[in-house]
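Okay, final_35.cif now, which holds mmCIF, C-alpha atoms:
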```cif
data_coords
#
loop_
_atom_site.label_atom_id
_atom_site.label_comp_id
_atom_site.auth_asym_id
_atom_site.auth_seq_id
_atom_site.Cartn_x
_atom_site.Cartn_y
_atom_site.Cartn_z
CA MET A 1 -7.59 -13.90 13.60
CA THR A 2 -5.55 -10.72 13.29
CA ALA A 3 -2.40 -10.13 11.30
CA PRO A 4 0.96 -9.41 12.92
CA ALA A 5 2.04 -5.78 12.84
CA TYR A 6 5.28 -3.98 12.07
CA ALA A 7 6.60 -0.97 13.93
CA LEU A 8 6.98 2.17 11.83
CA ARG A 9 9.84 4.60 12.31
CA ASP A 10 7.45 7.24 13.70
CA GLY A 11 6.33 5.01 16.57
CA ASN A 12 3.08 3.87 15.00
CA SER A 13 2.43 0.37 13.69
CA ILE A 14 1.01 -1.17 10.53
CA PRO A 15 -0.51 -4.61 9.88
CA ALA A 16 1.53 -7.08 7.83
CA ILE A 17 -1.20 -7.39 5.18
CA GLY A 18 -3.81 -4.98 3.86
CA LEU A 19 -6.98 -4.94 1.80
CA GLY A 20 -6.77 -3.17 -1.54
CA THR A 21 -9.96 -1.39 -2.58
CA PHE A 22 -9.28 -0.17 -6.13
CA GLY A 23 -12.44 -0.85 -8.14
CA LEU A 24 -14.59 -1.56 -5.07
CA ASN A 25 -17.29 1.04 -5.60
CA ASP A 26 -21.00 1.53 -4.91
CA GLN A 27 -22.96 -0.92 -2.75
CA THR A 28 -20.98 -3.93 -3.92
CA GLY A 29 -17.83 -2.11 -2.85
CA ILE A 30 -19.24 -1.37 0.59
CA ASP A 31 -20.22 -5.01 0.99
CA ALA A 32 -16.79 -6.21 -0.15
CA ILE A 33 -14.87 -3.88 2.15
CA THR A 34 -17.13 -4.75 5.08
CA ALA A 35 -16.50 -8.44 4.37
CA GLY A 36 -12.76 -7.79 4.31
CA ILE A 37 -12.83 -6.14 7.71
CA SER A 38 -14.92 -9.05 8.99
CA ALA A 39 -12.27 -11.44 7.62
CA GLY A 40 -9.63 -9.77 9.78
CA TYR A 41 -8.11 -7.04 7.62
CA ARG A 42 -7.29 -3.96 9.65
CA LEU A 43 -5.22 -2.11 7.04
CA ILE A 44 -7.58 -0.69 4.41
CA ASP A 45 -6.01 1.00 1.38
CA THR A 46 -7.89 3.56 -0.69
CA ALA A 47 -7.06 6.75 -2.62
CA TYR A 48 -8.67 9.94 -3.83
CA ASN A 49 -8.39 8.61 -7.38
CA TYR A 50 -10.18 5.36 -6.56
CA GLY A 51 -13.40 7.30 -6.15
CA ASN A 52 -14.50 5.12 -3.25
CA GLU A 53 -13.52 6.95 -0.09
CA GLU A 54 -17.20 7.32 0.83
CA GLU A 55 -17.68 3.57 0.41
CA VAL A 56 -14.67 2.90 2.64
CA GLY A 57 -16.09 5.24 5.27
CA GLU A 58 -19.46 3.51 5.16
CA ALA A 59 -17.82 0.08 5.45
CA ILE A 60 -15.92 1.27 8.52
CA ARG A 61 -19.17 2.38 10.14
CA ARG A 62 -20.89 -0.91 9.32
CA SER A 63 -17.99 -3.10 10.41
CA GLY A 64 -18.51 -2.76 14.15
CA VAL A 65 -14.72 -2.66 14.58
CA ASP A 66 -13.37 0.08 16.83
CA ARG A 67 -11.92 2.90 14.75
CA SER A 68 -8.66 2.84 16.69
CA ASP A 69 -8.10 -0.77 15.61
CA LEU A 70 -8.13 0.16 11.91
CA VAL A 71 -5.32 1.64 9.82
CA ILE A 72 -6.91 3.64 7.01
CA THR A 73 -4.72 4.74 4.11
CA THR A 74 -5.63 7.24 1.42
CA LYS A 75 -3.54 9.02 -1.19
CA LEU A 76 -3.01 12.47 -2.67
CA PRO A 77 -3.73 12.64 -6.43
CA GLY A 78 -1.13 14.12 -8.75
CA ARG A 79 -3.35 17.00 -9.87
CA HIS A 80 -3.41 18.26 -6.27
CA HIS A 81 0.34 18.56 -5.76
CA GLY A 82 1.41 21.75 -4.00
CA PHE A 83 1.27 22.91 -0.37
CA ASP A 84 -2.17 24.52 -0.24
CA GLU A 85 -3.56 22.10 -2.80
CA THR A 86 -2.51 19.15 -0.64
CA LEU A 87 -4.18 20.57 2.46
CA ALA A 88 -7.42 21.14 0.52
CA SER A 89 -7.32 17.71 -1.10
CA PHE A 90 -6.76 16.02 2.24
CA GLU A 91 -9.81 17.71 3.73
CA GLN A 92 -11.89 16.46 0.80
CA SER A 93 -10.64 12.92 1.42
CA ARG A 94 -11.18 13.13 5.17
CA SER A 95 -14.71 14.46 4.64
CA ARG A 96 -15.60 11.65 2.25
CA LEU A 97 -14.14 9.07 4.62
CA ASP A 98 -15.97 10.81 7.50
CA LEU A 99 -13.01 10.31 9.82
CA ASP A 100 -11.49 12.46 12.52
CA TRP A 101 -8.05 11.38 11.40
CA VAL A 102 -6.36 9.36 8.65
CA ASP A 103 -3.81 6.80 9.76
CA LEU A 104 -1.56 6.86 6.70
CA TYR A 105 -1.51 9.53 3.99
CA LEU A 106 0.57 8.92 0.87
CA ILE A 107 1.66 10.94 -2.15
CA HIS A 108 0.21 8.68 -4.85
CA TRP A 109 2.73 9.48 -7.61
CA PRO A 110 5.81 11.75 -7.51
CA LEU A 111 5.23 13.40 -10.92
CA PRO A 112 8.79 14.81 -11.09
CA HIS A 113 8.02 16.71 -14.30
CA VAL A 114 5.55 18.80 -12.26
CA ASP A 115 8.13 19.02 -9.44
CA LYS A 116 5.73 19.88 -6.62
CA TYR A 117 6.00 16.71 -4.56
CA LEU A 118 8.34 18.39 -2.08
CA HIS A 119 5.70 21.10 -1.44
CA SER A 120 3.11 18.39 -0.90
CA TRP A 121 5.44 16.60 1.50
CA ARG A 122 5.80 19.76 3.58
CA ALA A 123 2.01 20.04 3.72
CA MET A 124 1.75 16.42 4.85
CA ILE A 125 4.26 17.10 7.61
CA SER A 126 1.96 19.94 8.71
CA LEU A 127 -1.06 17.61 8.71
CA ARG A 128 0.82 15.14 10.87
CA GLU A 129 1.86 17.86 13.29
CA LYS A 130 -1.79 18.91 13.61
CA GLY A 131 -2.81 15.33 14.44
CA LEU A 132 -5.02 14.97 11.37
CA VAL A 133 -2.71 12.26 10.00
CA ARG A 134 -0.90 9.70 12.14
CA SER A 135 1.75 8.67 9.61
CA ILE A 136 2.90 10.02 6.25
CA GLY A 137 4.52 8.27 3.33
CA VAL A 138 4.72 8.03 -0.43
CA SER A 139 3.98 5.71 -3.32
CA ASN A 140 6.01 4.95 -6.45
CA PHE A 141 9.04 6.97 -5.33
CA THR A 142 12.60 6.14 -6.37
CA PRO A 143 15.61 6.25 -4.00
CA ALA A 144 16.64 9.62 -5.45
CA MET A 145 13.19 11.07 -4.77
CA LEU A 146 13.14 9.66 -1.26
CA THR A 147 16.59 11.08 -0.60
CA ARG A 148 15.42 14.51 -1.72
CA LEU A 149 12.51 14.47 0.72
CA ILE A 150 14.78 13.39 3.56
CA ASP A 151 17.53 15.90 2.78
CA GLU A 152 15.18 18.85 2.23
CA THR A 153 12.86 18.31 5.21
CA GLY A 154 14.57 15.97 7.65
CA VAL A 155 11.42 13.82 7.64
CA THR A 156 11.64 10.31 6.22
CA PRO A 157 8.52 8.68 4.77
CA VAL A 158 7.46 5.72 6.89
CA VAL A 159 6.14 3.84 3.84
CA ASN A 160 6.79 3.65 0.11
CA GLN A 161 4.04 1.72 -1.65
CA VAL A 162 5.32 0.35 -4.95
CA GLU A 163 4.65 -2.26 -7.60
CA LEU A 164 6.17 -5.41 -6.15
CA HIS A 165 5.59 -9.05 -7.04
CA PRO A 166 7.73 -12.05 -8.02
CA TYR A 167 8.11 -10.75 -11.56
CA PHE A 168 9.36 -7.43 -10.15
CA PRO A 169 10.87 -8.03 -6.69
CA GLN A 170 12.51 -4.60 -6.37
CA ALA A 171 15.59 -5.86 -4.51
CA GLU A 172 17.59 -2.62 -4.78
CA LEU A 173 14.69 -0.44 -3.70
CA ARG A 174 13.89 -2.74 -0.79
CA ALA A 175 17.52 -2.55 0.33
CA PHE A 176 17.31 1.26 0.26
CA HIS A 177 14.11 1.11 2.30
CA GLU A 178 15.73 -1.14 4.89
CA GLU A 179 18.71 1.17 5.19
CA HIS A 180 16.41 4.14 5.89
CA GLU A 181 13.77 2.30 7.96
CA ILE A 182 11.10 2.79 5.30
CA ARG A 183 8.44 0.08 5.23
CA THR A 184 7.74 -1.42 1.79
CA GLU A 185 4.14 -1.91 0.71
CA SER A 186 3.33 -4.00 -2.36
CA TRP A 187 0.66 -3.01 -4.84
CA THR A 188 -0.36 -5.67 -7.37
CA PRO A 189 1.26 -8.29 -5.09
CA LEU A 190 -0.07 -11.13 -7.26
CA ALA A 191 1.00 -9.45 -10.53
CA LYS A 192 -1.52 -10.28 -13.24
CA GLY A 193 -2.71 -13.22 -11.20
CA ARG A 194 -3.43 -16.10 -13.52
CA GLU A 195 -0.02 -16.18 -15.23
CA LEU A 196 1.99 -15.88 -12.02
CA LEU A 197 -0.12 -18.38 -10.11
CA ALA A 198 0.34 -20.94 -12.89
CA GLU A 199 4.14 -20.78 -12.66
CA PRO A 200 5.44 -24.30 -11.92
CA VAL A 201 7.73 -23.11 -9.13
CA VAL A 202 4.85 -21.34 -7.40
CA ALA A 203 2.55 -24.34 -7.81
CA ALA A 204 5.19 -26.71 -6.44
CA ILE A 205 5.88 -24.57 -3.38
CA ALA A 206 2.16 -24.16 -2.74
CA ALA A 207 1.66 -27.93 -2.93
CA GLU A 208 4.55 -28.51 -0.54
CA HIS A 209 2.84 -26.34 2.09
CA HIS A 210 -0.73 -27.45 1.27
CA VAL A 211 -1.77 -23.91 0.39
CA THR A 212 -2.95 -22.19 -2.76
CA PRO A 213 -0.52 -20.54 -5.21
CA ALA A 214 -1.89 -17.13 -4.19
CA GLN A 215 -1.17 -17.88 -0.55
CA ALA A 216 2.37 -18.97 -1.44
CA VAL A 217 3.03 -15.70 -3.27
CA LEU A 218 1.52 -13.58 -0.50
CA ARG A 219 3.66 -15.45 2.01
CA TRP A 220 6.68 -14.63 -0.20
CA HIS A 221 5.89 -10.95 0.44
CA ILE A 222 5.66 -11.61 4.17
CA GLU A 223 9.05 -13.32 4.13
CA LEU A 224 10.48 -10.21 2.43
CA GLU A 225 8.83 -8.12 5.18
CA ALA A 226 6.92 -6.27 2.48
CA ILE A 227 3.24 -5.58 3.13
CA PRO A 228 1.04 -7.04 0.38
CA ILE A 229 -2.26 -5.31 -0.35
CA PRO A 230 -4.27 -7.85 -2.33
CA LYS A 231 -7.65 -6.78 -3.68
CA SER A 232 -10.65 -9.06 -3.99
CA SER A 233 -14.38 -8.49 -3.86
CA ASP A 234 -14.99 -12.16 -3.07
CA ALA A 235 -15.31 -12.90 0.65
CA ALA A 236 -13.89 -16.41 0.37
CA ARG A 237 -10.89 -15.16 -1.62
CA GLN A 238 -10.36 -12.37 0.92
CA ARG A 239 -10.20 -14.94 3.72
CA GLU A 240 -7.83 -17.11 1.70
CA ASN A 241 -5.51 -14.17 0.99
CA PHE A 242 -5.48 -13.25 4.68
CA ASP A 243 -4.67 -16.78 5.83
CA VAL A 244 -0.90 -16.67 5.23
CA PHE A 245 0.48 -16.62 8.76
CA GLY A 246 0.27 -20.34 9.56
CA PHE A 247 3.24 -21.43 7.43
CA GLU A 248 6.66 -20.18 6.41
CA LEU A 249 8.79 -20.39 3.28
CA SER A 250 12.42 -21.43 3.41
CA ASN A 251 15.14 -19.13 2.12
CA ASP A 252 15.50 -21.41 -0.90
CA GLU A 253 11.78 -21.16 -1.63
CA VAL A 254 11.87 -17.38 -1.36
CA GLU A 255 14.80 -17.30 -3.77
CA ALA A 256 13.07 -19.66 -6.17
CA ILE A 257 10.03 -17.39 -6.36
CA SER A 258 12.23 -14.30 -6.66
CA SER A 259 14.02 -15.94 -9.60
CA LEU A 260 10.86 -15.36 -11.66
CA ALA A 261 11.88 -11.68 -11.95
CA ARG A 262 11.22 -10.07 -15.33
CA GLY A 263 10.44 -6.41 -14.66
CA ARG A 264 7.48 -4.18 -13.97
CA LEU A 265 4.18 -5.09 -15.58
CA TRP A 266 2.12 -1.96 -15.36
CA GLY A 267 4.19 0.77 -16.95
CA GLY A 268 4.27 2.50 -13.60
CA ASP A 269 7.43 4.48 -14.21
CA PRO A 270 7.40 7.31 -11.64
CA ASP A 271 9.31 9.49 -14.09
CA THR A 272 6.51 9.42 -16.63
CA HIS A 273 3.31 8.10 -15.09
CA GLU A 274 0.62 10.73 -14.62
CA GLU A 275 -1.78 8.96 -12.30
CA PHE A 276 -2.79 5.58 -11.01
#
```

Can the structure in the file be given as structure tokens, please?
Amino acid sequence: MTAPAYALRDGNSIPAIGLGTFGLNDQTGIDAITAGISAGYRLIDTAYNYGNEEEVGEAIRRSGVDRSDLVITTKLPGRHHGFDETLASFEQSRSRLDLDWVDLYLIHWPLPHVDKYLHSWRAMISLREKGLVRSIGVSNFTPAMLTRLIDETGVTPVVNQVELHPYFPQAELRAFHEEHEIRTESWTPLAKGRELLAEPVVAAIAAEHHVTPAQAVLRWHIELEAIPIPKSSDAARQRENFDVFGFELSNDEVEAISSLARGRLWGGDPDTHEEF
């Protein structure tokens, strides 16, 4: 089974669900990522700061899946903001991944107090023009920051990966993304997990569709046309998380889950957060 894919504004495409790899390190990480690819995930999300790009590269080699069928994402760390610094950091990431190209390269955090993200964006445009990166985007950017990139360079990020879950559904940001054809990706799509999955409204909707609460929440992301990137090292849980395309939620069910909104959980304020 493969996931549906969305078209990106640059002509490329991206699967509707991805595998998060934060914390998947060493041999257990390789095994977990390989299992995820075997389960059907084709969008694999890593970052320089995760310290596991080599493990992701090894999992790709072991998977037996054609490289062109995979969408590999990595991210620029905040300490490498700047034009030349971005180019150098990318080559370190590409070397560790052992890839000829990266499918999606993101600025991990904007760090506006450093105010070099625009220089990094220009470098990423250069990498795309050279064919070393297929698509470029950002993570944890606000509408004002996105507007600055667009106005200063004429190049719109194809993706903004942000904290998004039923406690923090990001309606205004998602509306901005839709207006500018920016695809929303969801990190921490299940929030803190146990608390969210125990919510009565989530449990009731899951029971109605004969699925697990996690599957109901991940389907909520799909209904919003946001791309969830759940992380699990357990092969059975990976398969369960991936199996969310055989049912649909009604508009009322989507609204009921969205009504759980409280706010962000992780203190990931792009105006203050140093790193992820």

List the residues selected by the PyMOL selection byres ((chain A and resi 87) around 12) in the file shown, writing them as a VMD selection string.
chain A and resid 76 to 77 80 to 86 88 to 94 105 119 to 128 130 132 to 133

I'd like to see the residues matched by the PyMOL selection byres ((chain A and resi 239-251) around 6) on this file, and ideally I'd get them as a PyMOL selection string.
chain A and resi 39+215+219+236-238+252-254

List the residues selected by the PyMOL selection byres ((chain A and resi 191) around 10) in the file shown, writing them as a list in words.
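Selected by the PyMOL selection byres ((chain A and resi 191) around 10) here: Glu163, Leu164, His165, Pro166, Tyr167, Phe168, Trp187, Thr188, Pro189, Leu190, Lys192, Gly193, Arg194, Glu195, Leu196, Leu197, Val217, Pro230, Arg264, Leu265 and Trp266 of chain A.
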
Answer as an MDAnalysis selection string, residues within 12 Å of (12.6, 9.4, -1.3) using only C-alpha atoms
chainID A and resid 107 109:110 112 117:118 121 137:161 173 176:177 180:182 270

Using all atoms listed in the file, which residues sit within 9 Å of Ala47 in chain A once same-chain residues fewer than 5 positions away are excluded, as a PyMOL selection string?
chain A and resi 21-22+52-53+73-77+93+106+108
